[in-house]
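Participant: Pasting upload_27.csv here (CSV, C-alpha atoms and all ligand atoms):
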chain,number,residue,atom,x,y,z
A,1,MET,CA,69.4,96.1,139.0
A,2,LYS,CA,72.7,98.0,139.0
A,3,PRO,CA,72.8,101.1,136.7
A,4,LEU,CA,74.6,100.7,133.4
A,5,ARG,CA,78.1,102.2,133.4
A,6,VAL,CA,78.2,104.5,130.4
A,7,GLY,CA,81.1,106.5,128.8
A,8,ILE,CA,81.2,109.1,126.1
A,9,ILE,CA,83.8,109.2,123.3
A,10,GLY,CA,84.1,112.7,122.0
A,11,THR,CA,82.5,115.4,124.2
A,12,GLY,CA,81.9,118.2,121.7
A,13,SER,CA,78.7,119.9,120.6
A,14,ILE,CA,76.3,117.1,120.2
A,15,ALA,CA,77.6,115.2,123.2
A,16,GLN,CA,77.1,118.2,125.4
A,17,MET,CA,73.7,119.1,123.9
A,18,ALA,CA,72.1,115.6,123.5
A,19,HIS,CA,74.0,112.7,125.0
A,20,ILE,CA,75.3,113.9,128.4
A,21,PRO,CA,72.2,115.7,129.6
A,22,ASN,CA,69.9,112.8,128.6
A,23,TYR,CA,72.1,110.1,130.2
A,24,LEU,CA,72.1,112.2,133.3
A,25,LYS,CA,68.3,112.1,133.3
A,26,ASN,CA,68.0,108.4,132.8
A,27,PRO,CA,67.6,106.5,136.2
A,28,HIS,CA,69.2,103.3,134.8
A,29,VAL,CA,72.5,105.0,133.9
A,30,ASP,CA,75.6,106.0,135.7
A,31,LEU,CA,77.7,108.3,133.5
A,32,VAL,CA,81.2,107.4,134.7
A,33,ALA,CA,83.8,108.3,132.1
A,34,ILE,CA,84.7,110.4,129.0
A,35,ALA,CA,87.4,110.2,126.3
A,36,GLU,CA,88.3,113.5,124.7
A,37,PRO,CA,91.6,114.4,123.1
A,38,ASP,CA,91.2,118.2,123.4
A,39,GLU,CA,92.5,119.1,126.8
A,40,GLY,CA,90.3,122.2,127.2
A,41,ILE,CA,87.1,120.5,126.3
A,42,ARG,CA,88.0,117.4,128.4
A,43,SER,CA,88.7,119.3,131.6
A,44,THR,CA,85.6,121.6,131.2
A,45,VAL,CA,83.3,118.6,130.6
A,46,GLN,CA,84.9,116.5,133.4
A,47,LYS,CA,84.5,119.4,135.9
A,48,GLU,CA,80.9,120.1,134.9
A,49,LEU,CA,80.0,116.4,135.1
A,50,THR,CA,81.7,115.8,138.4
A,51,ASP,CA,79.8,118.8,139.8
A,52,LYS,CA,76.5,117.5,138.5
A,53,THR,CA,76.9,113.9,139.7
A,54,ASP,CA,77.9,112.6,143.1
A,55,HIS,CA,81.0,110.9,141.8
A,56,GLU,CA,84.4,111.7,140.1
A,57,ILE,CA,84.2,111.3,136.3
A,58,ALA,CA,87.2,109.6,134.8
A,59,ALA,CA,88.5,111.5,131.8
A,60,TYR,CA,90.9,110.0,129.2
A,61,ALA,CA,92.6,111.6,126.3
A,62,ASP,CA,91.8,108.7,124.0
A,63,ALA,CA,89.2,106.0,123.5
A,64,THR,CA,91.6,103.1,123.8
A,65,SER,CA,92.5,104.0,127.4
A,66,LEU,CA,88.8,104.6,128.2
A,67,LEU,CA,87.8,101.2,126.9
A,68,ARG,CA,90.7,99.4,128.6
A,69,GLN,CA,90.4,101.0,132.0
A,70,ALA,CA,86.8,102.3,132.7
A,71,THR,CA,84.9,98.9,132.9
A,72,LEU,CA,81.9,100.1,130.8
A,73,ASP,CA,78.6,98.6,129.7
A,74,ALA,CA,78.0,101.1,127.0
A,75,VAL,CA,79.4,104.1,125.1
A,76,SER,CA,78.1,106.9,123.0
A,77,ILE,CA,80.4,107.9,120.1
A,78,ALA,CA,80.1,111.5,119.1
A,79,THR,CA,83.3,112.3,117.2
A,80,PRO,CA,83.9,113.6,113.7
A,81,ASN,CA,82.5,111.4,111.0
A,82,MET,CA,85.8,109.8,109.7
A,83,SER,CA,86.5,108.3,113.1
A,84,HIS,CA,83.1,106.6,113.6
A,85,ILE,CA,83.7,103.1,112.4
A,86,ASP,CA,87.2,102.5,113.9
A,87,LEU,CA,86.0,103.7,117.3
A,88,ALA,CA,82.7,101.7,117.1
A,89,VAL,CA,84.4,98.5,116.1
A,90,GLN,CA,86.9,98.9,118.9
A,91,ALA,CA,84.1,99.6,121.4
A,92,VAL,CA,82.0,96.6,120.2
A,93,ASP,CA,85.1,94.4,120.3
A,94,SER,CA,85.8,95.4,123.9
A,95,GLY,CA,82.2,94.2,124.8
A,96,CYS,CA,80.4,97.5,124.9
A,97,HIS,CA,77.0,98.4,123.6
A,98,VAL,CA,77.3,101.3,121.3
A,99,LEU,CA,75.3,104.4,120.3
A,100,LEU,CA,77.1,105.8,117.3
A,101,GLU,CA,76.4,109.2,115.9
A,102,LYS,CA,75.3,109.7,112.3
A,103,PRO,CA,76.5,109.2,109.6
A,104,MET,CA,77.3,105.6,110.6
A,105,ALA,CA,79.8,105.0,107.8
A,106,LEU,CA,81.4,106.8,104.9
A,107,THR,CA,82.2,103.7,102.8
A,108,ARG,CA,80.5,100.4,102.1
A,109,GLU,CA,83.4,98.4,103.4
A,110,SER,CA,83.5,100.2,106.7
A,111,ALA,CA,79.7,99.8,107.2
A,112,ASP,CA,80.3,96.0,106.6
A,113,ARG,CA,83.0,96.0,109.2
A,114,LEU,CA,80.7,97.4,111.9
A,115,ALA,CA,77.9,95.1,110.9
A,116,ASP,CA,80.2,92.1,111.2
A,117,ALA,CA,81.5,93.2,114.6
A,118,ALA,CA,78.0,93.7,115.9
A,119,ALA,CA,76.9,90.3,114.7
A,120,ARG,CA,80.1,88.7,116.3
A,121,HIS,CA,79.3,90.1,119.7
A,122,GLN,CA,75.5,90.3,119.9
A,123,THR,CA,75.8,93.7,121.5
A,124,VAL,CA,73.3,96.6,120.9
A,125,VAL,CA,74.7,98.8,118.2
A,126,MET,CA,72.4,101.7,117.5
A,127,VAL,CA,72.9,104.6,115.0
A,128,GLY,CA,72.0,108.1,116.1
A,129,GLN,CA,69.3,108.7,113.5
A,130,SER,CA,67.6,111.0,115.9
A,131,HIS,CA,64.6,112.0,113.7
A,132,ARG,CA,63.3,108.4,114.1
A,133,TYR,CA,62.8,109.2,117.7
A,134,ARG,CA,60.6,112.3,117.3
A,135,ASN,CA,57.1,112.1,118.8
A,136,ASP,CA,55.4,113.2,115.5
A,137,VAL,CA,57.3,110.6,113.6
A,138,SER,CA,56.3,107.9,116.1
A,139,ALA,CA,52.7,109.0,115.7
A,140,LEU,CA,52.9,108.8,111.9
A,141,LYS,CA,54.6,105.4,112.1
A,142,ARG,CA,51.5,104.0,113.8
A,143,PHE,CA,49.3,104.9,110.9
A,144,ILE,CA,51.9,103.5,108.4
A,145,ASP,CA,52.1,100.2,110.3
A,146,ASP,CA,48.4,100.0,110.3
A,147,GLY,CA,48.4,100.1,106.4
A,148,ALA,CA,47.2,103.7,106.0
A,149,LEU,CA,49.4,104.3,103.0
A,150,GLY,CA,48.9,101.1,101.0
A,151,HIS,CA,51.6,100.6,98.4
A,152,VAL,CA,54.1,103.4,98.6
A,153,TYR,CA,55.3,104.5,95.1
A,154,HIS,CA,57.1,107.8,95.6
A,155,ALA,CA,58.6,110.0,98.4
A,156,GLU,CA,60.2,113.4,98.6
A,157,ALA,CA,62.7,114.3,101.4
A,158,ARG,CA,64.3,117.7,101.8
A,159,MET,CA,66.2,119.8,104.3
A,160,ILE,CA,67.0,123.1,102.7
A,161,ARG,CA,69.0,125.7,104.6
A,162,ARG,CA,69.3,129.1,102.9
A,163,ARG,CA,72.4,129.7,105.0
A,164,GLY,CA,73.4,127.2,107.6
A,165,THR,CA,76.8,125.7,106.8
A,166,PRO,CA,78.3,124.4,110.0
A,167,THR,CA,81.6,125.8,111.1
A,168,GLY,CA,84.6,123.5,111.7
A,169,TRP,CA,85.6,120.1,110.4
A,170,PHE,CA,82.2,119.6,108.7
A,171,THR,CA,83.5,121.3,105.5
A,172,ASP,CA,86.7,119.3,105.4
A,173,LYS,CA,86.0,116.3,103.3
A,174,GLU,CA,88.8,114.3,104.9
A,175,TRP,CA,87.1,114.6,108.2
A,176,ALA,CA,83.4,114.7,107.2
A,177,GLY,CA,83.4,112.4,104.2
A,178,GLY,CA,81.0,114.8,102.5
A,179,GLY,CA,79.0,118.0,103.0
A,180,PRO,CA,75.2,118.3,103.5
A,181,LEU,CA,74.7,114.8,102.1
A,182,MET,CA,76.6,113.2,105.0
A,183,ASP,CA,75.5,115.8,107.6
A,184,ILE,CA,71.8,116.4,107.1
A,185,GLY,CA,71.1,114.3,103.9
A,186,VAL,CA,71.7,111.2,106.0
A,187,HIS,CA,68.8,112.3,108.3
A,188,ALA,CA,66.4,113.1,105.4
A,189,LEU,CA,67.3,109.9,103.5
A,190,ASP,CA,67.2,107.6,106.5
A,191,LEU,CA,63.9,108.9,107.8
A,192,SER,CA,62.0,108.9,104.5
A,193,TRP,CA,63.4,105.4,103.5
A,194,TRP,CA,62.4,104.0,106.9
A,195,LEU,CA,58.9,105.6,106.6
A,196,MET,CA,58.5,104.1,103.1
A,197,GLY,CA,59.0,100.7,104.7
A,198,LYS,CA,62.7,100.2,103.8
A,199,PRO,CA,62.5,99.2,100.2
A,200,VAL,CA,65.6,97.7,98.6
A,201,PRO,CA,67.6,100.4,96.7
A,202,VAL,CA,68.8,99.5,93.2
A,203,ARG,CA,69.8,102.5,91.2
A,204,VAL,CA,70.7,106.1,92.0
A,205,SER,CA,71.3,109.3,90.2
A,206,GLY,CA,73.1,111.9,92.3
A,207,HIS,CA,74.2,115.5,91.9
A,208,LEU,CA,76.6,117.3,94.3
A,209,THR,CA,77.9,120.8,93.9
A,210,ARG,CA,79.7,123.5,95.9
A,211,ALA,CA,77.9,126.6,94.7
A,212,ILE,CA,78.3,129.1,97.5
A,213,GLY,CA,81.1,127.7,99.7
A,214,ALA,CA,82.4,129.7,102.6
A,215,ASP,CA,80.6,133.1,102.8
A,216,HIS,CA,80.0,135.5,105.6
A,217,ILE,CA,76.4,136.3,106.5
A,218,ASP,CA,75.6,138.3,109.7
A,219,PHE,CA,72.7,137.7,112.1
A,220,ASN,CA,72.4,134.0,111.0
A,221,GLY,CA,72.8,131.1,113.4
A,222,ARG,CA,74.6,127.9,112.5
A,223,TRP,CA,76.0,124.7,114.1
A,224,THR,CA,79.5,125.1,115.5
A,225,ALA,CA,81.8,122.2,116.0
A,226,LYS,CA,83.7,122.4,119.2
A,227,MET,CA,86.8,120.7,117.9
A,228,PRO,CA,89.4,123.3,117.1
A,229,HIS,CA,89.9,122.4,113.5
A,230,ASN,CA,89.0,124.6,110.5
A,231,GLN,CA,86.8,126.9,112.6
A,232,ASP,CA,86.8,129.6,109.9
A,233,ASN,CA,85.8,127.1,107.1
A,234,ALA,CA,89.0,127.9,105.2
A,235,ILE,CA,89.1,124.3,104.2
A,236,PHE,CA,85.9,123.8,102.1
A,237,THR,CA,86.4,120.6,100.1
A,238,THR,CA,82.8,119.3,100.4
A,239,GLU,CA,79.6,120.1,98.4
A,240,ASP,CA,77.1,122.5,99.8
A,241,PHE,CA,74.1,121.2,97.8
A,242,ALA,CA,73.1,117.6,97.1
A,243,ALA,CA,70.2,116.1,95.1
A,244,ALA,CA,69.4,112.5,94.3
A,245,PHE,CA,66.8,110.3,92.7
A,246,ILE,CA,66.7,106.7,94.0
A,247,ARG,CA,64.9,103.7,92.4
A,248,PHE,CA,63.9,100.8,94.6
A,249,GLU,CA,63.4,97.1,93.7
A,250,ASP,CA,59.6,97.4,94.2
A,251,GLY,CA,59.3,100.2,91.7
A,252,ALA,CA,59.1,103.0,94.2
A,253,THR,CA,61.3,106.1,93.9
A,254,LEU,CA,62.6,108.8,96.2
A,255,ASN,CA,63.7,112.4,95.5
A,256,LEU,CA,66.2,113.9,98.0
A,257,THR,CA,67.3,117.5,98.1
A,258,VAL,CA,69.5,119.0,100.8
A,259,SER,CA,71.6,122.1,101.2
A,260,TRP,CA,73.7,124.0,103.7
A,261,ALA,CA,73.5,127.2,101.6
A,262,ILE,CA,71.2,128.1,98.7
A,263,ASN,CA,69.7,131.2,97.2
A,264,GLY,CA,66.1,130.3,97.9
A,265,PRO,CA,63.6,130.4,100.7
A,266,GLN,CA,64.7,128.9,104.0
A,267,ASP,CA,62.9,125.6,104.6
A,268,ASP,CA,63.2,125.0,108.4
A,269,GLY,CA,63.5,121.4,109.5
A,270,LEU,CA,63.1,118.1,107.8
A,271,LYS,CA,60.3,117.8,105.2
A,272,VAL,CA,59.0,114.5,104.0
A,273,THR,CA,56.1,113.6,101.7
A,274,ILE,CA,55.2,110.0,101.0
A,275,TYR,CA,52.7,109.0,98.3
A,276,GLY,CA,50.9,105.6,98.6
A,277,ASP,CA,47.9,104.2,96.6
A,278,LYS,CA,45.7,104.3,99.7
A,279,GLY,CA,47.0,107.3,101.5
A,280,GLY,CA,49.8,109.8,101.7
A,281,LEU,CA,51.6,111.6,104.4
A,282,THR,CA,53.5,114.8,105.1
A,283,LEU,CA,55.9,115.4,107.9
A,284,ASP,CA,56.1,118.9,109.2
A,285,PRO,CA,53.2,119.3,109.4
A,286,ALA,CA,52.4,115.7,110.4
A,287,ALA,CA,49.3,114.7,108.4
A,288,ILE,CA,47.7,111.8,106.6
A,289,TYR,CA,45.9,112.4,103.3
A,290,SER,CA,43.3,109.8,102.3
A,291,SER,CA,39.6,109.3,101.5
A,292,GLU,CA,36.6,107.8,103.3
A,293,HIS,CA,33.1,107.3,102.1
A,294,HIS,CA,34.2,108.7,98.7
A,295,VAL,CA,35.3,111.9,100.3
A,296,LEU,CA,38.8,113.2,100.6
A,297,THR,CA,40.1,113.4,104.1
A,298,ASN,CA,43.0,115.1,105.9
A,299,THR,CA,44.0,113.7,109.3
A,300,VAL,CA,46.1,116.4,111.0
A,301,ILE,CA,48.2,114.9,113.8
A,302,PRO,CA,48.7,117.5,116.5
A,303,VAL,CA,51.9,116.0,117.9
A,304,GLY,CA,55.1,118.0,118.1
A,305,THR,CA,58.7,116.7,117.8
A,306,GLY,CA,58.9,116.1,121.5
A,307,PRO,CA,62.2,115.5,123.3
A,308,MET,CA,63.8,113.7,120.4
A,309,TYR,CA,67.3,113.2,121.9
A,310,GLN,CA,65.9,112.1,125.3
A,311,ASN,CA,63.7,109.6,123.5
A,312,GLU,CA,66.8,108.3,121.6
A,313,ILE,CA,68.9,107.9,124.7
A,314,ASP,CA,66.1,106.3,126.6
A,315,HIS,CA,65.5,103.9,123.7
A,316,PHE,CA,69.2,102.9,123.6
A,317,VAL,CA,69.2,102.2,127.3
A,318,GLU,CA,65.9,100.2,127.1
A,319,CYS,CA,67.3,98.1,124.2
A,320,ILE,CA,70.3,97.2,126.4
A,321,LEU,CA,68.2,96.3,129.4
A,322,GLU,CA,65.6,94.4,127.5
A,323,GLN,CA,67.9,92.9,124.8
A,324,LYS,CA,65.9,94.5,122.0
A,325,THR,CA,67.0,95.4,118.5
A,326,PRO,CA,67.0,99.2,118.3
A,327,ARG,CA,64.7,101.2,116.1
A,328,SER,CA,67.8,102.5,114.1
A,329,PRO,CA,70.0,99.3,113.9
A,330,VAL,CA,73.3,98.9,112.2
A,331,ALA,CA,71.7,96.9,109.3
A,332,ASP,CA,69.7,100.0,108.4
A,333,GLY,CA,72.8,102.2,108.8
A,334,ARG,CA,74.6,99.9,106.3
A,335,THR,CA,71.9,100.2,103.6
A,336,VAL,CA,71.8,104.0,104.1
A,337,ALA,CA,75.6,104.1,103.7
A,338,GLN,CA,75.3,102.1,100.5
A,339,MET,CA,72.8,104.7,99.1
A,340,LEU,CA,75.0,107.7,100.2
A,341,VAL,CA,78.1,106.2,98.6
A,342,ALA,CA,76.1,105.5,95.4
A,343,ILE,CA,74.8,109.1,95.3
A,344,ALA,CA,78.4,110.4,95.6
A,345,GLU,CA,79.7,107.9,93.0
A,346,SER,CA,76.9,108.9,90.6
A,347,ALA,CA,77.6,112.6,91.1
A,348,ASP,CA,81.3,111.9,90.3
A,349,ARG,CA,80.6,109.9,87.2
A,350,GLY,CA,77.7,112.1,86.0
A,351,GLU,CA,75.4,109.1,85.4
A,352,GLU,CA,73.0,106.8,87.1
A,353,VAL,CA,74.7,104.0,89.0
A,354,ALA,CA,73.7,100.7,90.6
A,355,VAL,CA,73.6,100.6,94.4
A,356,ARG,CA,76.3,98.1,95.4
A,357,ARG,CA,75.7,95.9,98.5
B,401,LIG,N1,72.1,113.5,115.6
B,401,LIG,C1,72.2,114.8,115.4
B,401,LIG,O1,71.2,115.5,115.3
B,401,LIG,C2,73.6,115.4,115.3
B,401,LIG,C3,73.8,116.8,115.4
B,401,LIG,C4,75.0,117.3,115.3
B,401,LIG,C5,76.1,116.5,115.1
B,401,LIG,N2,76.0,115.1,115.0
B,401,LIG,C6,77.1,114.2,114.8
B,401,LIG,O2,77.9,114.1,115.9
B,401,LIG,C7,79.3,114.0,115.6
B,401,LIG,C8,80.0,115.0,116.4
B,401,LIG,O3,79.6,116.3,115.9
B,401,LIG,P1,79.9,117.6,116.8
B,401,LIG,O4,79.2,118.7,116.2
B,401,LIG,O5,79.6,117.3,118.2
B,401,LIG,O6,81.5,117.9,116.6
B,401,LIG,P2,82.5,118.6,117.7
B,401,LIG,O7,83.7,118.9,116.9
B,401,LIG,O8,81.7,119.6,118.4
B,401,LIG,O9,82.7,117.4,118.7
B,401,LIG,C9,83.5,116.3,118.4
B,401,LIG,C10,84.4,116.0,119.6
B,401,LIG,O10,85.1,114.7,119.4
B,401,LIG,C11,86.4,114.9,119.8
B,401,LIG,N3,87.3,113.9,119.1
B,401,LIG,C12,87.8,113.9,117.9
B,401,LIG,N4,88.5,112.8,117.6
B,401,LIG,C13,88.3,111.9,118.7
B,401,LIG,C14,88.7,110.6,119.0
B,401,LIG,N5,89.4,109.9,118.2
B,401,LIG,N6,88.3,110.1,120.2
B,401,LIG,C15,87.6,110.8,121.1
B,401,LIG,N7,87.2,112.1,120.9
B,401,LIG,C16,87.5,112.6,119.7
B,401,LIG,C17,86.8,116.3,119.5
B,401,LIG,O11,87.9,116.8,120.2
B,401,LIG,C18,85.5,117.0,119.8
B,401,LIG,O12,85.4,117.5,121.1
B,401,LIG,C19,79.3,114.1,114.1
B,401,LIG,O13,79.4,112.8,113.6
B,401,LIG,C20,78.0,114.7,113.7
B,401,LIG,O14,77.6,114.3,112.4
B,401,LIG,C21,74.7,114.6,115.1
Mind turning this structure into structure tokens?
Facilitator:
Amino acid sequence: MKPLRVGIIGTGSIAQMAHIPNYLKNPHVDLVAIAEPDEGIRSTVQKELTDKTDHEIAAYADATSLLRQATLDAVSIATPNMSHIDLAVQAVDSGCHVLLEKPMALTRESADRLADAAARHQTVVMVGQSHRYRNDVSALKRFIDDGALGHVYHAEARMIRRRGTPTGWFTDKEWAGGGPLMDIGVHALDLSWWLMGKPVPVRVSGHLTRAIGADHIDFNGRWTAKMPHNQDNAIFTTEDFAAAFIRFEDGATLNLTVSWAINGPQDDGLKVTIYGDKGGLTLDPAAIYSSEHHVLTNTVIPVGTGPMYQNEIDHFVECILEQKTPRSPVADGRTVAQMLVAIAESADRGEEVAVRR
């Protein structure tokens, strides 16, 4: 079988860290082209890629030229949030399979547009909810699918950074659509909702605030966008803390707390706790809490996160080759977008709101 011809739209931080190296490792893929408007980033990535592969990589300044000229089977889209849906719909309409970075969509209408386009073309459209591809998460999912939790009635998801506000366009609401809610909250919400068994969300109470904003802390690492926009965070129009309480149709509830900056202890990584009437689980550490023979039991799962991004890219490729629905499909991205929008709407109005679908 001929390798898939893959292109990357947007070759900044996450493309260079996750997409490009893992496509290069996949034996079913030929990485053949990139689209990147920033001339410096484009020529650096083109040169590095041409050096690493045995062919010349085509580099375009815009996605339209790439999609018209490069004859591709699939693309990764790794651009700032506000451009996701237009680019993904354009790529799907030109016949490509698409791996789209999170957050999939910033509005309900735009999520619907992509879902409609994906249905029209029957292509694989996968959302880059990378935490679903962790080894420890895959291990826990086996227990869940085997009924280890019983009826799930509450979950808690949090991702608390004491200081970890990304630099660049992330703090500009016009580009990012929101702060930690859209950046890391989307991971915490997506993962916990999926592990709960994807209950139907009905009502949401949200709270967003910018408490700390742009500050300067030495000796502290943080994510840096490569795109040369707002590198000093002078534009800070998003929240830096988000909390939400979500009610589901089956009576279950979910508590979400995320921050880029907070005056409290650093809480590394994504923490999830799920409570069911038969068992419960924690992620990080991965464990199942239950009882057997009238004795309480803890099942510790000694599996690490594994190569999450490589798993994600390999899964995307496998879904294309085997015509499978991805583990993180557009339909799920759409429901998550509906919850995110409802959280922001509730925070604006200062009251609980219905999740509109
Ligand atoms: N899954 C994860 O764990 C993860 C981690 C980090 C970032 N992300 C997501 O990846 C996306 C990119 O984030 P980043 O940190 O790499 O940002 P970045 O600024 O480093 O990279 C974005 C790149 O896209 C280019 N670009 C902008 N508009 C474009 C367009 N219309 N067409 C083609 N290229 C365009 C920019 O010039 C830049 O090089 C965001 O949506 C972010 O939320 C996901």
Participant: Applying 9 Å and all atoms listed in the file, which residues near Trp175 (chain A) remain after dropping the ones on its own chain fewer than 2 positions away? List them as a PyMOL selection string.
Facilitator: chain A and resi 80-83+169-173+177-178
Participant: Write the selection just made, keeping C-alpha atoms, as a PDB file, keeping the file's coordinate frame?
Facilitator:
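Below you can see again-v4.pdb, which holds the result:
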ATOM      1  CA  PRO A  80      83.900 113.600 113.700  1.00  0.00           C
ATOM      2  CA  ASN A  81      82.500 111.400 111.000  1.00  0.00           C
ATOM      3  CA  MET A  82      85.800 109.800 109.700  1.00  0.00           C
ATOM      4  CA  SER A  83      86.500 108.300 113.100  1.00  0.00           C
ATOM      5  CA  TRP A 169      85.600 120.100 110.400  1.00  0.00           C
ATOM      6  CA  PHE A 170      82.200 119.600 108.700  1.00  0.00           C
ATOM      7  CA  THR A 171      83.500 121.300 105.500  1.00  0.00           C
ATOM      8  CA  ASP A 172      86.700 119.300 105.400  1.00  0.00           C
ATOM      9  CA  LYS A 173      86.000 116.300 103.300  1.00  0.00           C
ATOM     10  CA  GLY A 177      83.400 112.400 104.200  1.00  0.00           C
ATOM     11  CA  GLY A 178      81.000 114.800 102.500  1.00  0.00           C
TER      12      GLY A 178
END
Participant: Check every protein, DNA and RNA residue against ligand LIG 401 (chain B), keep those with an atom at most 6 Å away (counting all atoms listed in the file), and present them as a ChimeraX atom specification.
Facilitator: /A:9-15,35-38,62-63,78-81,101-103,128-130,183,225-227
Participant: Could you please determine the separation between CA of Gln69 (chain A) and CA of Ser43 (chain A) in Å, to one decimal place?
Facilitator: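 Spanning CA of Gln69 (chain A) to CA of Ser43 (chain A) is a straight-line distance of 18.4 Å.
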Participant: Near Asn311 (chain A), counting all atoms listed in the file, which residues have an atom at most 10 Å away, once you skip same-chain residues fewer than 2 positions from it, shown as a PyMOL selection string?
Facilitator: chain A and resi 22+130+132-135+306-309+313-317
Participant: If I take CA of Ser291 (chain A) and CA of Leu270 (chain A), how far is one from the other in Å, to one decimal?
Facilitator: 25.9 Å
